[in-house]
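Chemist: Below you'll find the structure I mean.
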There are 2 protein chains.
Amino acid sequence: MIAVDANGADAGPSVVAEGARRSGVPFKLYDSPVWISNEEEPVRAVRSKPEASIVQAARAVADGNAAAVVSAGSTGAMLAACTLHVKRLKGVHRPAVALLVPVPGRPTLLLDVGANVEVRPEHLVQFAYMGAAFMEAVHGLERPRVGLLNIGEEPGKGTEDLVAAHERLAGGPLNFVGNVEGTGLVGGAADVVVSDGFTGNVALKTMEGTAKAVAGAVRDAIRSNPVSAAGGLLVRRSVGRLREQLDPNTTGGAILLGLRGVAVVAHGSSTAEGVANAVRLAQRSVDEQMIERTAQALQAAGALRSAPAASVGDSHG
Amino acid sequence: MIAVDANGADAGPSVVAEGARRSGVPFKLYDSPVWISNEEEPVRAVRSKPEASIVQAARAVADGNAAAVVSAGSTGAMLAACTLHVKRLKGVHRPAVALLVPVPGRPTLLLDVGANVEVRPEHLVQFAYMGAAFMEAVHGLERPRVGLLNIGEEPGKGTEDLVAAHERLAGGPLNFVGNVEGTGLVGGAADVVVSDGFTGNVALKTMEGTAKAVAGAVRDAIRSNPVSAAGGLLVRRSVGRLREQLDPNTTGGAILLGLRGVAVVAHGSSTAEGVANAVRLAQRSVDEQMIERTAQALQAAGALRSAPAASVGDSHG
């Protein structure tokens with residue numbers, strides 16, 4: 001059973017409910033007149049509004065009443081609610097927000113895309129194992145290729161922290177392909193691309209903006225051309241399919257990794273189909289034992305920290 | 001007279017010479033059997049190879065024998081050669097590499113795109129004034145809109161350094177529009193987008209990769225469609241024009257800002273036309289007194305550092 005937060009989608013709770021129904025997956029809808037907006041400071045809001053639907057849905061996972069939680073609300077609020085209630089996997093420094101990059105044909109998981117603005121090398125190393133375990137479990141990739149987002153392919157490129165992370169990943173059991181540049185992120189140079197949350201977020205939004213700009217320019221070019229009526233119509237259909245592939249609604253949302261439960265954040269602008277895809281992604285993650293496999297991979301690689309996890313709310317833990 | 005380094009272009013010195021001729025601008029070609037590759041550590045290579053053509057061309061500016069230098073070689077080597085010989089403007093912490101983002105219709109200057117992997121707030125502030133002065137002088141924009149590349153539009157977003165830079169820029173004389181996300185970088189939210197060199201480089205290459213992927217997918221869609229023969233041909237032409245606009249060859253290359261002279265780096269994959277555009281950009285920067293206007297803007301804003309510039313080679317100066 002998936003706990004679904006009814007609030008947060010731009011289109012309103014009824015569209016979320018419709019999407020959950022459409023998923024074909026058993027779910028329970030958490031609705032509440034109290035909710036957390038994008039503008040609120042997430043940790044404070046989650047603590048002060050225990051009755052908010054996103055908090056209730058996260059608690060359902062913590063209490064064993066749901067196998068996973070899905071929300072189209074604020075990623076920050078979801079992360080705070082899940083860190084407080086679902087909790088981090090033992091030995092995980094920080095959860096990360098991962099997203100399947102909407103590039104046609106070749107799904108690439110990018111993480112972190114915003115939860116961790118500044119990271120240390122050991123955080124990047126954990127992200128790598130968390131991302132690889134997700135792609136193995138949920139997308140069935142064998143030994144996914146893992147890369148580090150950087151400004152050059154040579155191992156010595158980038159910040160000192162990146163050089164240190166590169167060294168540790170190269171010496172570990174992952175299928176580590178080294179540094180990946182922005183072109184490689186889009187070009188399929190790796191199945192999992194690891195980044196701090198700042199750079200990952202900028203890369204993701206740059207990709208979205210560029211895809212929109214180029215597709216829009218192509219559409220304008222076709223429309224402005226009266227002679228290409230027949231051919232243009234077919235081309236427009238092809239471009240339409242392409243836009244669909246690039247649509248955040250079709251990717252099923254962002255997934256929070258490093259937690260003791262499955263948590264998926266659908267895009268705020270999700271349609272019912274976008275919510276349905278997010279719910280299906282959550283169910284698949286449960287079915288494929290993504291959490292257990294992540295914990296095992298981190299353990300086997302010696303990438304867990306030995307000290308007990310810091311108390312909840314210590315975002316620098 | 002523009003000093004042109006004959007080495008560095010993938011296509012070889014003859015294409016560089018042809019490009020320089022085609023520019024219609026007076027130039028002198030610096031050729032030498034010694035050159036600096038992308039793989040060499042730039043500062044060391046520039047110091048140990050004074051006879052390299054890129055060093056000779058930079059020295060021509062320092063010695064007053066040329067008004068500007070153009071190279072299709074390594075950006076790092078060009079930066080090192082110019083920092084050593086042309087030298088930084090008095091009070092400038094670090095030169096930056098700026099690039100006109102190849103988005104159709106609306107030129108946006110992005111800086112830094114790779115010279116400064118880690119920066120302090122005062123560096124970002126200087127980049128903002130340097131970029132604005134360039135867009136005013138060379139592209140004729142009145143009071144260009146300047147933004148900070150960040151992961152949210154609110155002033156409190158991002159790292160502490162970004163918050164500090166935001167505060168200083170908001171209090172200064174620039175037409176500062178605040179934080180710009182990756183989508184805004186592509187969508188024309190600002191005329192000048194300021195970033196550390198790491199994030200700027202990742203954003204730039206992500207943009208290039210995405211534009212290539214989307215344009216390629218559109219082309220494939222058109223080609224795979226036999227019914228669209230007539231219309232498709234016209235559409236292909238439109239897409240071809242679009243690709244041309246996105247082509248780094250048409251943007252005239254990267255420009256180094258914060259130096260006492262004009263320095264332009266053409267793309268290594270430049271054709272003769274790409275080199276010609278880079279030479280024309282250099283000449284326009286000279287004609288429009290870009291350097292003097294940059295120095296004045298920094299001075300007027302109180303953005304220069306008061307202590308004398310650190311010795312050359314102190315890349316953290």
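Letters A, B, ... go to the chains of the structure tokens in the order shown; residues in each chain start at 1; ligands are counted from 1 in the same order.
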What are the coordinates of chain B as a compact mmCIF listing (two decimals) with C-alpha atoms, in the first residue's frame following a least-squares fit to chain A on all in-order C-alpha atoms?
Modeler:
```txt
# COMPACT_ATOMS: atom_id res chain seq x y z
CA MET B 1 -0.01 -0.01 0.02
CA ILE B 2 1.36 3.37 -1.03
CA ALA B 3 0.69 6.48 1.07
CA VAL B 4 -0.19 9.34 -1.29
CA ASP B 5 -0.16 12.97 -0.18
CA ALA B 6 -3.17 14.64 -1.80
CA ASN B 7 -1.71 18.15 -1.55
CA GLY B 8 1.09 19.85 -3.43
CA ALA B 9 0.17 19.35 -7.10
CA ASP B 10 -0.58 22.55 -8.99
CA ALA B 11 -3.68 20.90 -10.41
CA GLY B 12 -5.10 20.17 -6.94
CA PRO B 13 -5.99 17.10 -4.84
CA SER B 14 -8.58 15.70 -7.25
CA VAL B 15 -5.93 15.25 -9.96
CA VAL B 16 -3.64 13.52 -7.44
CA ALA B 17 -6.49 11.19 -6.44
CA GLU B 18 -7.25 10.47 -10.09
CA GLY B 19 -3.57 9.73 -10.76
CA ALA B 20 -3.29 7.39 -7.80
CA ARG B 21 -6.40 5.50 -8.98
CA ARG B 22 -5.05 5.32 -12.49
CA SER B 23 -1.77 3.76 -11.29
CA GLY B 24 -3.48 0.42 -10.62
CA VAL B 25 -1.52 0.23 -7.36
CA PRO B 26 -3.21 -0.06 -3.92
CA PHE B 27 -2.93 3.31 -2.20
CA LYS B 28 -4.24 5.39 0.66
CA LEU B 29 -4.80 9.11 0.12
CA TYR B 30 -3.72 11.51 2.88
CA ASP B 31 -5.68 14.72 2.68
CA SER B 32 -5.66 17.54 5.18
CA PRO B 33 -6.56 21.23 5.25
CA VAL B 34 -3.01 21.81 6.48
CA TRP B 35 -0.16 21.63 4.02
CA ILE B 36 3.39 22.88 3.56
CA SER B 37 4.22 25.29 0.76
CA ASN B 38 7.43 25.64 -1.23
CA GLU B 39 8.11 28.93 0.52
CA GLU B 40 8.29 27.54 4.06
CA GLU B 41 11.54 26.47 5.69
CA PRO B 42 11.07 22.70 5.38
CA VAL B 43 12.44 21.34 8.68
CA ARG B 44 10.64 23.96 10.75
CA ALA B 45 7.40 23.49 8.80
CA VAL B 46 7.48 19.70 9.17
CA ARG B 47 8.06 19.99 12.92
CA SER B 48 5.38 22.63 13.49
CA LYS B 49 2.71 21.05 11.30
CA PRO B 50 2.45 17.38 12.25
CA GLU B 51 -1.08 17.35 10.83
CA ALA B 52 0.08 18.33 7.31
CA SER B 53 -0.81 15.63 4.80
CA ILE B 54 2.81 15.19 3.63
CA VAL B 55 3.89 14.53 7.24
CA GLN B 56 0.98 12.13 7.80
CA ALA B 57 1.86 10.21 4.64
CA ALA B 58 5.54 9.95 5.66
CA ARG B 59 4.50 8.76 9.13
CA ALA B 60 2.41 6.02 7.56
CA VAL B 61 5.67 4.53 6.20
CA ALA B 62 7.43 4.97 9.55
CA ASP B 63 4.54 3.25 11.35
CA GLY B 64 4.45 0.34 8.92
CA ASN B 65 1.06 1.30 7.55
CA ALA B 66 2.41 1.97 4.07
CA ALA B 67 5.28 0.56 2.01
CA ALA B 68 6.15 3.88 0.39
CA VAL B 69 5.15 7.54 0.26
CA VAL B 70 4.41 9.68 -2.80
CA SER B 71 3.90 13.44 -2.87
CA ALA B 72 3.69 16.14 -5.54
CA GLY B 73 4.54 18.72 -2.90
CA SER B 74 7.76 20.51 -1.99
CA THR B 75 10.85 18.30 -2.33
CA GLY B 76 12.34 20.04 0.71
CA ALA B 77 9.28 19.28 2.85
CA MET B 78 9.23 15.67 1.67
CA LEU B 79 12.91 15.30 2.49
CA ALA B 80 12.44 16.84 5.93
CA ALA B 81 9.34 14.74 6.68
CA CYS B 82 11.06 11.54 5.57
CA THR B 83 14.32 12.31 7.40
CA LEU B 84 12.35 12.99 10.58
CA HIS B 85 9.93 10.05 10.38
CA VAL B 86 11.08 7.42 7.87
CA LYS B 87 14.70 8.12 8.89
CA ARG B 88 18.01 7.59 7.15
CA LEU B 89 19.50 4.16 6.58
CA LYS B 90 21.99 3.40 9.31
CA GLY B 91 25.40 4.78 8.35
CA VAL B 92 24.10 7.07 5.60
CA HIS B 93 25.33 10.65 5.95
CA ARG B 94 22.59 12.34 3.99
CA PRO B 95 19.66 11.35 1.81
CA ALA B 96 19.88 12.51 -1.82
CA VAL B 97 17.29 13.51 -4.39
CA ALA B 98 17.73 11.47 -7.58
CA LEU B 99 16.06 12.05 -10.91
CA LEU B 100 15.97 10.07 -14.13
CA VAL B 101 17.21 12.54 -16.70
CA PRO B 102 14.59 12.85 -19.43
CA VAL B 103 16.84 12.18 -22.39
CA PRO B 104 15.27 10.04 -25.12
CA GLY B 105 16.30 6.41 -25.29
CA ARG B 106 18.78 6.20 -22.45
CA PRO B 107 17.68 6.80 -18.87
CA THR B 108 20.43 8.39 -16.78
CA LEU B 109 20.04 8.84 -13.04
CA LEU B 110 21.35 12.18 -11.78
CA LEU B 111 21.88 12.72 -8.06
CA ASP B 112 21.90 14.85 -6.00
CA VAL B 113 19.66 17.44 -7.66
CA GLY B 114 19.12 19.84 -4.80
CA ALA B 115 19.00 18.36 -1.31
CA ASN B 116 22.67 18.87 -0.49
CA VAL B 117 24.06 22.20 -1.65
CA GLU B 118 27.50 21.44 -0.24
CA VAL B 119 28.91 17.97 0.16
CA ARG B 120 32.01 16.16 1.31
CA PRO B 121 33.73 13.37 -0.64
CA GLU B 122 32.18 10.65 1.58
CA HIS B 123 28.73 11.98 0.68
CA LEU B 124 29.45 11.75 -3.04
CA VAL B 125 30.74 8.20 -2.56
CA GLN B 126 27.51 7.19 -0.81
CA PHE B 127 25.42 8.86 -3.52
CA ALA B 128 27.25 6.72 -6.08
CA TYR B 129 26.33 3.45 -4.33
CA MET B 130 22.77 4.60 -3.64
CA GLY B 131 22.22 5.57 -7.28
CA ALA B 132 23.75 2.37 -8.63
CA ALA B 133 21.60 0.23 -6.31
CA PHE B 134 18.49 2.06 -7.50
CA MET B 135 19.30 1.57 -11.19
CA GLU B 136 20.07 -2.12 -10.59
CA ALA B 137 16.98 -2.81 -8.52
CA VAL B 138 14.36 -0.65 -10.19
CA HIS B 139 15.60 -0.34 -13.77
CA GLY B 140 17.21 -3.75 -14.04
CA LEU B 141 20.62 -2.52 -15.18
CA GLU B 142 23.46 -4.91 -14.46
CA ARG B 143 26.50 -3.17 -13.04
CA PRO B 144 25.36 0.33 -14.04
CA ARG B 145 28.14 2.66 -15.17
CA VAL B 146 28.68 5.35 -12.55
CA GLY B 147 30.32 8.71 -13.29
CA LEU B 148 31.19 11.88 -11.37
CA LEU B 149 29.92 15.15 -12.84
CA ASN B 150 33.03 17.25 -13.44
CA ILE B 151 34.61 19.81 -15.77
CA GLY B 152 37.01 17.41 -17.44
CA GLU B 153 37.50 13.68 -17.79
CA GLU B 154 40.97 13.47 -16.25
CA PRO B 155 41.01 12.15 -12.62
CA GLY B 156 42.73 15.34 -11.36
CA LYS B 157 39.98 17.70 -12.58
CA GLY B 158 37.67 19.77 -10.42
CA THR B 159 37.71 20.59 -6.73
CA GLU B 160 39.82 18.78 -4.14
CA ASP B 161 36.67 17.07 -2.89
CA LEU B 162 35.93 15.71 -6.35
CA VAL B 163 39.48 14.44 -6.74
CA ALA B 164 39.15 12.65 -3.39
CA ALA B 165 35.76 11.15 -4.32
CA HIS B 166 37.17 10.01 -7.67
CA GLU B 167 40.01 8.22 -5.91
CA ARG B 168 37.70 6.37 -3.53
CA LEU B 169 35.24 5.38 -6.23
CA ALA B 170 38.00 4.18 -8.55
CA GLY B 171 39.22 1.89 -5.77
CA GLY B 172 35.79 0.44 -4.97
CA PRO B 173 33.59 -2.34 -6.37
CA LEU B 174 31.37 -0.07 -8.49
CA ASN B 175 31.48 0.00 -12.29
CA PHE B 176 33.03 3.46 -12.06
CA VAL B 177 33.66 5.15 -15.42
CA GLY B 178 35.35 8.24 -13.97
CA ASN B 179 34.51 11.86 -14.59
CA VAL B 180 31.63 12.84 -16.86
CA GLU B 181 31.20 16.34 -18.32
CA GLY B 182 27.92 18.13 -18.99
CA THR B 183 27.93 16.80 -22.53
CA GLY B 184 28.38 13.24 -21.23
CA LEU B 185 25.52 13.66 -18.76
CA VAL B 186 23.19 14.16 -21.71
CA GLY B 187 25.07 11.89 -24.09
CA GLY B 188 24.75 8.71 -22.06
CA ALA B 189 28.35 8.50 -20.82
CA ALA B 190 27.10 6.90 -17.59
CA ASP B 191 23.93 5.33 -16.19
CA VAL B 192 24.34 7.11 -12.85
CA VAL B 193 25.87 10.60 -12.63
CA VAL B 194 26.89 11.78 -9.16
CA SER B 195 27.05 15.44 -8.19
CA ASP B 196 26.66 17.83 -5.31
CA GLY B 197 23.08 19.12 -5.13
CA PHE B 198 23.94 22.60 -6.35
CA THR B 199 25.64 21.58 -9.58
CA GLY B 200 23.15 18.76 -10.16
CA ASN B 201 20.23 21.14 -9.83
CA VAL B 202 21.76 23.69 -12.21
CA ALA B 203 22.55 20.95 -14.74
CA LEU B 204 19.04 19.53 -14.53
CA LYS B 205 17.32 22.87 -15.01
CA THR B 206 19.72 23.87 -17.78
CA MET B 207 18.82 20.65 -19.54
CA GLU B 208 15.09 21.26 -19.14
CA GLY B 209 15.42 24.84 -20.34
CA THR B 210 17.55 23.92 -23.35
CA ALA B 211 15.28 21.07 -24.43
CA LYS B 212 12.28 23.38 -24.22
CA ALA B 213 14.05 26.16 -26.15
CA VAL B 214 15.25 23.90 -28.94
CA ALA B 215 11.97 22.01 -29.28
CA GLY B 216 10.12 25.34 -29.29
CA ALA B 217 12.38 26.77 -31.98
CA VAL B 218 11.83 23.67 -34.12
CA ARG B 219 8.08 23.95 -33.69
CA ASP B 220 8.15 27.62 -34.65
CA ALA B 221 10.23 26.82 -37.71
CA ILE B 222 7.70 24.22 -38.81
CA ARG B 223 4.69 26.43 -38.15
CA SER B 224 6.12 29.42 -39.96
CA ASN B 225 6.48 27.36 -43.09
CA PRO B 226 3.22 27.16 -45.09
CA VAL B 227 4.71 24.92 -47.81
CA SER B 228 5.50 22.21 -45.31
CA ALA B 229 1.85 21.62 -44.41
CA ALA B 230 1.62 17.90 -45.08
CA GLY B 231 5.19 16.95 -44.17
CA GLY B 232 5.17 19.39 -41.29
CA LEU B 233 2.18 17.71 -39.72
CA LEU B 234 4.02 14.41 -39.55
CA VAL B 235 7.16 16.10 -38.32
CA ARG B 236 5.11 17.87 -35.67
CA ARG B 237 3.90 14.47 -34.51
CA SER B 238 7.48 13.24 -34.23
CA VAL B 239 8.47 16.36 -32.32
CA GLY B 240 5.42 15.88 -30.14
CA ARG B 241 6.55 12.37 -29.23
CA LEU B 242 9.98 13.75 -28.44
CA ARG B 243 8.50 16.41 -26.19
CA GLU B 244 6.57 13.68 -24.43
CA GLN B 245 9.78 11.80 -23.73
CA LEU B 246 11.31 14.97 -22.33
CA ASP B 247 8.23 15.69 -20.23
CA PRO B 248 8.91 15.41 -16.48
CA ASN B 249 5.46 13.79 -16.19
CA THR B 250 6.65 10.66 -17.93
CA THR B 251 9.71 10.07 -15.76
CA GLY B 252 7.72 9.22 -12.64
CA GLY B 253 9.25 11.87 -10.43
CA ALA B 254 12.27 12.25 -8.22
CA ILE B 255 13.19 9.58 -5.71
CA LEU B 256 14.74 10.14 -2.30
CA LEU B 257 17.61 7.73 -1.71
CA GLY B 258 19.35 6.81 1.54
CA LEU B 259 16.18 6.49 3.59
CA ARG B 260 14.70 3.44 5.38
CA GLY B 261 11.68 3.59 3.08
CA VAL B 262 10.71 4.44 -0.47
CA ALA B 263 9.78 8.08 -1.10
CA VAL B 264 8.91 9.55 -4.51
CA VAL B 265 8.29 13.22 -5.29
CA ALA B 266 6.13 13.83 -8.35
CA HIS B 267 6.65 17.09 -10.23
CA GLY B 268 4.42 19.89 -8.85
CA SER B 269 3.08 20.42 -12.36
CA SER B 270 2.16 16.74 -12.67
CA THR B 271 -0.95 15.65 -14.48
CA ALA B 272 -2.88 12.59 -13.28
CA GLU B 273 -0.62 10.47 -15.49
CA GLY B 274 2.46 12.00 -13.84
CA VAL B 275 1.13 11.08 -10.40
CA ALA B 276 0.25 7.57 -11.63
CA ASN B 277 3.82 7.11 -12.90
CA ALA B 278 5.22 8.29 -9.56
CA VAL B 279 3.02 5.81 -7.67
CA ARG B 280 4.06 2.99 -10.02
CA LEU B 281 7.73 3.91 -9.52
CA ALA B 282 7.25 3.74 -5.75
CA GLN B 283 5.59 0.32 -6.00
CA ARG B 284 8.31 -1.01 -8.27
CA SER B 285 10.97 0.19 -5.81
CA VAL B 286 9.17 -1.68 -3.03
CA ASP B 287 8.71 -4.84 -5.12
CA GLU B 288 12.37 -4.88 -6.14
CA GLN B 289 13.59 -4.34 -2.56
CA MET B 290 15.47 -1.21 -3.50
CA ILE B 291 16.05 -0.18 0.13
CA GLU B 292 17.50 -3.53 1.20
CA ARG B 293 19.72 -3.69 -1.86
CA THR B 294 20.98 -0.15 -1.25
CA ALA B 295 21.87 -0.99 2.36
CA GLN B 296 23.67 -4.14 1.26
CA ALA B 297 25.64 -2.35 -1.45
CA LEU B 298 26.77 0.39 0.93
CA GLN B 299 27.71 -2.20 3.52
CA ALA B 300 29.60 -4.41 1.06
CA ALA B 301 31.58 -1.42 -0.23
CA GLY B 302 32.50 -0.27 3.25
CA ALA B 303 30.90 3.08 2.39
CA LEU B 304 28.79 3.39 5.54
CA ARG B 305 30.01 5.61 8.28
CA SER B 306 30.88 3.78 11.46
CA ALA B 307 29.59 6.33 14.00
CA PRO B 308 25.85 6.25 14.70
CA ALA B 309 23.72 8.56 12.58
CA ALA B 310 23.47 12.10 13.91
CA SER B 311 20.20 13.22 15.38
CA VAL B 312 17.44 14.17 12.96
CA GLY B 313 17.54 17.81 11.95
CA ASP B 314 21.31 17.84 11.80
CA SER B 315 21.33 18.47 8.09
CA HIS B 316 25.11 18.41 8.01
CA GLY B 317 25.25 14.94 9.54
```
Chemist: I need the strand (DSSP E) residues of region 70-280 of chain A per DSSP on the backbone, written as a PyMOL selection string.
Modeler: chain A and resi 70-71+96-101+108-111+145-149+175-180+192-194+254-257+262-265
